[in-house]
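Enquirer: Have a look at this one before I ask anything.
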Amino acid sequence: MLAVEYHSNDDVRIVDLPVPEIGVGELLVQLRACGLCASDVMEWYMKPRAPMYPGHEPAGVIAAVGEGVQQFTVGQRVFVHHHVPCMVCHFCQRGSFSQCVTFRGTRLHPGGLSEYIRVPAVNVQIDVLPLPDDVSFEAATLIEPLACCVRGINRAAIQAGDSVLALGAGSNGLMMTQLAQQRGAMPVIIVDPIAYRRQRALDSGIDYALDPQEGNLLEQVFAVNGGRRPDVVLVTPSSISAMKQGVELAGPGGTVLFFAPPPPTEVLGISPHHFFFQEITLRASYSAGPYETRHALELLRNKRMQAEQVITHRFALRDAAQAFRLVAKPGDALKAVIVAD
């Protein structure tokens, strides 16, 4: 079978691997589509583990079921989550699923960008979801990233009437701002230097899309937010400069959410004095658990989130190297999806 083997953003290979053998409680899933994530091209994170087999947003058809599997059948359309929690440890009991040791240790084999994927038994038990007929495989690739956005919005604790500002109008920024609107936030503002992305945000119903290169960003925010700083700032880029900007923009009593990690050597300086007297809350959100994936699937099924607004590029598995280059330097792209032949 064909699989994507990652060495670097400029060295993505298509290799031939044996079809995985499955064991008790496991599934073999034939890939139909898999999205690419910004983390897939985060070289400080990826290259130290190379060569590796990426892909964590797959959907496909069950090709074989292991002994003891009763809830799934061959031919069934499914989404498979690459990480699953144990549901019983201290962190799971607190709802911190991404801090669970089992969550950190689970993965798909060899990876979601393979013609066939072995799904371990614990993943089968916790977070393999049957796909309704009206949810396409392409749309299903959004379940995992949308679930991450749902978790991020939950951790930002957005309330009805909050003003929300998102830095970055990529696919995650676009989904998070739409989720914020569904929570009753107003106005919802998105910031991006790329005109195409700003227009996509406006087309999806976001209230305002600002160009940070047009002048003082805070003054632009004041102009559309009644002279106030935003109550919630969602920082989707992984850069320290974006995080610093997010902290500086947040209003009194506000919350700043970091949604993507910078390299471990980078440090963000903050003023405790400012945080104390302005009562600023700083939060981070990493990945998503089984409740968020189910919520994401319902959002897609009910058209509360529309895949065609987010997915902009499609590639065959053999053209994965081109897809990785696009995601590394996205420009006008939002979400790229690998579609199996």
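Lettering and numbering for the structure tokens are positional, with chains as A, B, ... in the shown order, residues counted from 1 in each chain, and ligands counted from 1 in the shown order.
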Per residue of range 98-199 of chain A within 6 Å of range 224-248 of chain A, what are the shortest atom pair and its distance in Å to one decimal, counting only C-alpha atoms, with rows by chain and residue number, as CSV?
Expert:
residue,atom,partner,partner_atom,distance
A:Asp162,CA,A:Asp231,CA,5.7
A:Ser163,CA,A:Pro230,CA,5.1
A:Val164,CA,A:Val232,CA,4.8
A:Leu165,CA,A:Val233,CA,4.8
A:Ala166,CA,A:Leu234,CA,4.5
A:Leu167,CA,A:Val235,CA,5.1
A:Gly168,CA,A:Thr236,CA,5.7
Enquirer: Can you pull out every residue from range 81-312 of chain A that DSSP, working from the backbone, puts in strand (DSSP E), and format the result as a ChimeraX atom specification?
Expert: /A:116-119,128-130,164-167,188-191,208-210,232-235,255-258,281-284,311-312
Enquirer: Please identify every residue of range 65-164 of chain A that has at least one atom no farther than 7 Å from an atom of range 170-181 of chain A, counting only C-alpha atoms, and for each give the shortest atom pair and the distance in Å to one decimal, arranged by chain then increasing number, as a tab-separated table.
Expert:
residue	atom	partner	partner_atom	distance
A:Leu146	CA	A:Met175	CA	6.9
A:Cys149	CA	A:Met176	CA	5.5
A:Ile153	CA	A:Met176	CA	6.8
A:Ile158	CA	A:Ala180	CA	6.9
Enquirer: Counting only C-alpha atoms, figure out which residue out of A:Gly105, A:Pro187, A:Gly289, A:Pro263 gets nearest to Phe222 in chain A.
Expert: A:Pro187
Enquirer: Range 220-338 of chain A near range 23-31 of chain A within 12 Å: what's each residue's closest atom pair and its distance in Å to one decimal, counting only C-alpha atoms, ordered by chain then ascending residue number, as CSV?
Expert:
residue,atom,partner,partner_atom,distance
A:Ala316,CA,A:Leu31,CA,11.6
A:Leu317,CA,A:Leu31,CA,9.9
A:Ile338,CA,A:Leu31,CA,9.6
Enquirer: Could you pull the residues within 9 Å of range 198-207 of chain A, counting only C-alpha atoms, minus those fewer than 2 positions along the same chain, as a PyMOL selection string?
Expert: chain A and resi 169+173-174+177-178+181+186-196+209-211+309-310
Enquirer: Those residues you just picked out, can you put them in a file as a PDB file, in the first residue's frame with N, CA, C and O atoms?
Expert:
ATOM      1  N   ALA A 169      -6.893  34.177  10.055  1.00  0.00           N
ATOM      2  CA  ALA A 169      -8.117  33.751   9.370  1.00  0.00           C
ATOM      3  C   ALA A 169      -7.863  32.509   8.525  1.00  0.00           C
ATOM      4  O   ALA A 169      -8.406  32.370   7.431  1.00  0.00           O
ATOM      5  N   GLY A 173      -9.053  29.623  12.491  1.00  0.00           N
ATOM      6  CA  GLY A 173      -9.610  30.922  12.834  1.00  0.00           C
ATOM      7  C   GLY A 173     -11.012  31.081  12.302  1.00  0.00           C
ATOM      8  O   GLY A 173     -11.902  31.624  12.981  1.00  0.00           O
ATOM      9  N   LEU A 174     -11.240  30.589  11.077  1.00  0.00           N
ATOM     10  CA  LEU A 174     -12.562  30.694  10.472  1.00  0.00           C
ATOM     11  C   LEU A 174     -13.582  29.857  11.242  1.00  0.00           C
ATOM     12  O   LEU A 174     -14.705  30.314  11.519  1.00  0.00           O
ATOM     13  N   THR A 177     -14.232  31.423  14.884  1.00  0.00           N
ATOM     14  CA  THR A 177     -15.064  32.624  14.907  1.00  0.00           C
ATOM     15  C   THR A 177     -16.529  32.288  14.628  1.00  0.00           C
ATOM     16  O   THR A 177     -17.436  32.893  15.206  1.00  0.00           O
ATOM     17  N   GLN A 178     -16.779  31.309  13.757  1.00  0.00           N
ATOM     18  CA  GLN A 178     -18.162  30.898  13.539  1.00  0.00           C
ATOM     19  C   GLN A 178     -18.748  30.259  14.796  1.00  0.00           C
ATOM     20  O   GLN A 178     -19.916  30.483  15.137  1.00  0.00           O
ATOM     21  N   GLN A 181     -19.690  33.000  17.170  1.00  0.00           N
ATOM     22  CA  GLN A 181     -20.978  33.600  16.815  1.00  0.00           C
ATOM     23  C   GLN A 181     -22.133  32.730  17.284  1.00  0.00           C
ATOM     24  O   GLN A 181     -23.151  33.240  17.763  1.00  0.00           O
ATOM     25  N   MET A 186     -20.722  38.975  20.023  1.00  0.00           N
ATOM     26  CA  MET A 186     -20.936  40.087  19.098  1.00  0.00           C
ATOM     27  C   MET A 186     -20.193  41.329  19.583  1.00  0.00           C
ATOM     28  O   MET A 186     -20.259  41.635  20.770  1.00  0.00           O
ATOM     29  N   PRO A 187     -19.495  42.005  18.693  1.00  0.00           N
ATOM     30  CA  PRO A 187     -19.180  41.546  17.354  1.00  0.00           C
ATOM     31  C   PRO A 187     -18.076  40.494  17.379  1.00  0.00           C
ATOM     32  O   PRO A 187     -17.368  40.335  18.368  1.00  0.00           O
ATOM     33  N   VAL A 188     -17.947  39.776  16.273  1.00  0.00           N
ATOM     34  CA  VAL A 188     -16.849  38.835  16.091  1.00  0.00           C
ATOM     35  C   VAL A 188     -15.949  39.392  14.988  1.00  0.00           C
ATOM     36  O   VAL A 188     -16.421  39.673  13.884  1.00  0.00           O
ATOM     37  N   ILE A 189     -14.688  39.550  15.328  1.00  0.00           N
ATOM     38  CA  ILE A 189     -13.728  40.231  14.461  1.00  0.00           C
ATOM     39  C   ILE A 189     -12.585  39.267  14.156  1.00  0.00           C
ATOM     40  O   ILE A 189     -12.120  38.549  15.058  1.00  0.00           O
ATOM     41  N   ILE A 190     -12.128  39.252  12.917  1.00  0.00           N
ATOM     42  CA  ILE A 190     -10.995  38.411  12.546  1.00  0.00           C
ATOM     43  C   ILE A 190      -9.928  39.287  11.902  1.00  0.00           C
ATOM     44  O   ILE A 190     -10.247  40.282  11.241  1.00  0.00           O
ATOM     45  N   VAL A 191      -8.674  38.947  12.136  1.00  0.00           N
ATOM     46  CA  VAL A 191      -7.551  39.754  11.655  1.00  0.00           C
ATOM     47  C   VAL A 191      -6.628  38.879  10.823  1.00  0.00           C
ATOM     48  O   VAL A 191      -6.222  37.801  11.272  1.00  0.00           O
ATOM     49  N   ASP A 192      -6.316  39.326   9.616  1.00  0.00           N
ATOM     50  CA  ASP A 192      -5.390  38.580   8.771  1.00  0.00           C
ATOM     51  C   ASP A 192      -4.853  39.516   7.692  1.00  0.00           C
ATOM     52  O   ASP A 192      -5.608  40.328   7.146  1.00  0.00           O
ATOM     53  N   PRO A 193      -3.566  39.410   7.358  1.00  0.00           N
ATOM     54  CA  PRO A 193      -3.008  40.287   6.323  1.00  0.00           C
ATOM     55  C   PRO A 193      -3.362  39.865   4.905  1.00  0.00           C
ATOM     56  O   PRO A 193      -3.130  40.628   3.959  1.00  0.00           O
ATOM     57  N   ILE A 194      -3.918  38.664   4.718  1.00  0.00           N
ATOM     58  CA  ILE A 194      -4.207  38.148   3.379  1.00  0.00           C
ATOM     59  C   ILE A 194      -5.654  38.481   3.000  1.00  0.00           C
ATOM     60  O   ILE A 194      -6.598  38.041   3.670  1.00  0.00           O
ATOM     61  N   ALA A 195      -5.819  39.243   1.925  1.00  0.00           N
ATOM     62  CA  ALA A 195      -7.145  39.712   1.520  1.00  0.00           C
ATOM     63  C   ALA A 195      -8.098  38.563   1.224  1.00  0.00           C
ATOM     64  O   ALA A 195      -9.289  38.626   1.576  1.00  0.00           O
ATOM     65  N   TYR A 196      -7.597  37.508   0.591  1.00  0.00           N
ATOM     66  CA  TYR A 196      -8.443  36.363   0.262  1.00  0.00           C
ATOM     67  C   TYR A 196      -9.055  35.761   1.513  1.00  0.00           C
ATOM     68  O   TYR A 196     -10.256  35.443   1.544  1.00  0.00           O
ATOM     69  N   ALA A 209     -13.569  41.921   9.253  1.00  0.00           N
ATOM     70  CA  ALA A 209     -12.274  41.335   8.923  1.00  0.00           C
ATOM     71  C   ALA A 209     -11.286  42.477   8.728  1.00  0.00           C
ATOM     72  O   ALA A 209     -11.450  43.296   7.807  1.00  0.00           O
ATOM     73  N   LEU A 210     -10.285  42.540   9.585  1.00  0.00           N
ATOM     74  CA  LEU A 210      -9.360  43.670   9.611  1.00  0.00           C
ATOM     75  C   LEU A 210      -8.004  43.289   9.028  1.00  0.00           C
ATOM     76  O   LEU A 210      -7.540  42.157   9.192  1.00  0.00           O
ATOM     77  N   ASP A 211      -7.380  44.270   8.368  1.00  0.00           N
ATOM     78  CA  ASP A 211      -6.047  44.106   7.813  1.00  0.00           C
ATOM     79  C   ASP A 211      -5.047  44.755   8.761  1.00  0.00           C
ATOM     80  O   ASP A 211      -5.059  45.981   8.923  1.00  0.00           O
ATOM     81  N   GLN A 309     -16.962  25.912   3.048  1.00  0.00           N
ATOM     82  CA  GLN A 309     -16.422  27.216   3.432  1.00  0.00           C
ATOM     83  C   GLN A 309     -14.990  27.116   3.927  1.00  0.00           C
ATOM     84  O   GLN A 309     -14.284  28.121   3.993  1.00  0.00           O
ATOM     85  N   VAL A 310     -14.561  25.913   4.272  1.00  0.00           N
ATOM     86  CA  VAL A 310     -13.258  25.727   4.910  1.00  0.00           C
ATOM     87  C   VAL A 310     -12.258  25.042   3.986  1.00  0.00           C
ATOM     88  O   VAL A 310     -11.087  25.453   3.899  1.00  0.00           O
TER      89      VAL A 310
END
Enquirer: Measuring atom to atom with only C-alpha atoms, identify which of A:Asn154, A:Asn216, A:Gln182, A:Gln159 is nearest to Arg283 in chain A.
Expert: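 For Arg283 in chain A, the nearest of the candidates is A:Asn154.
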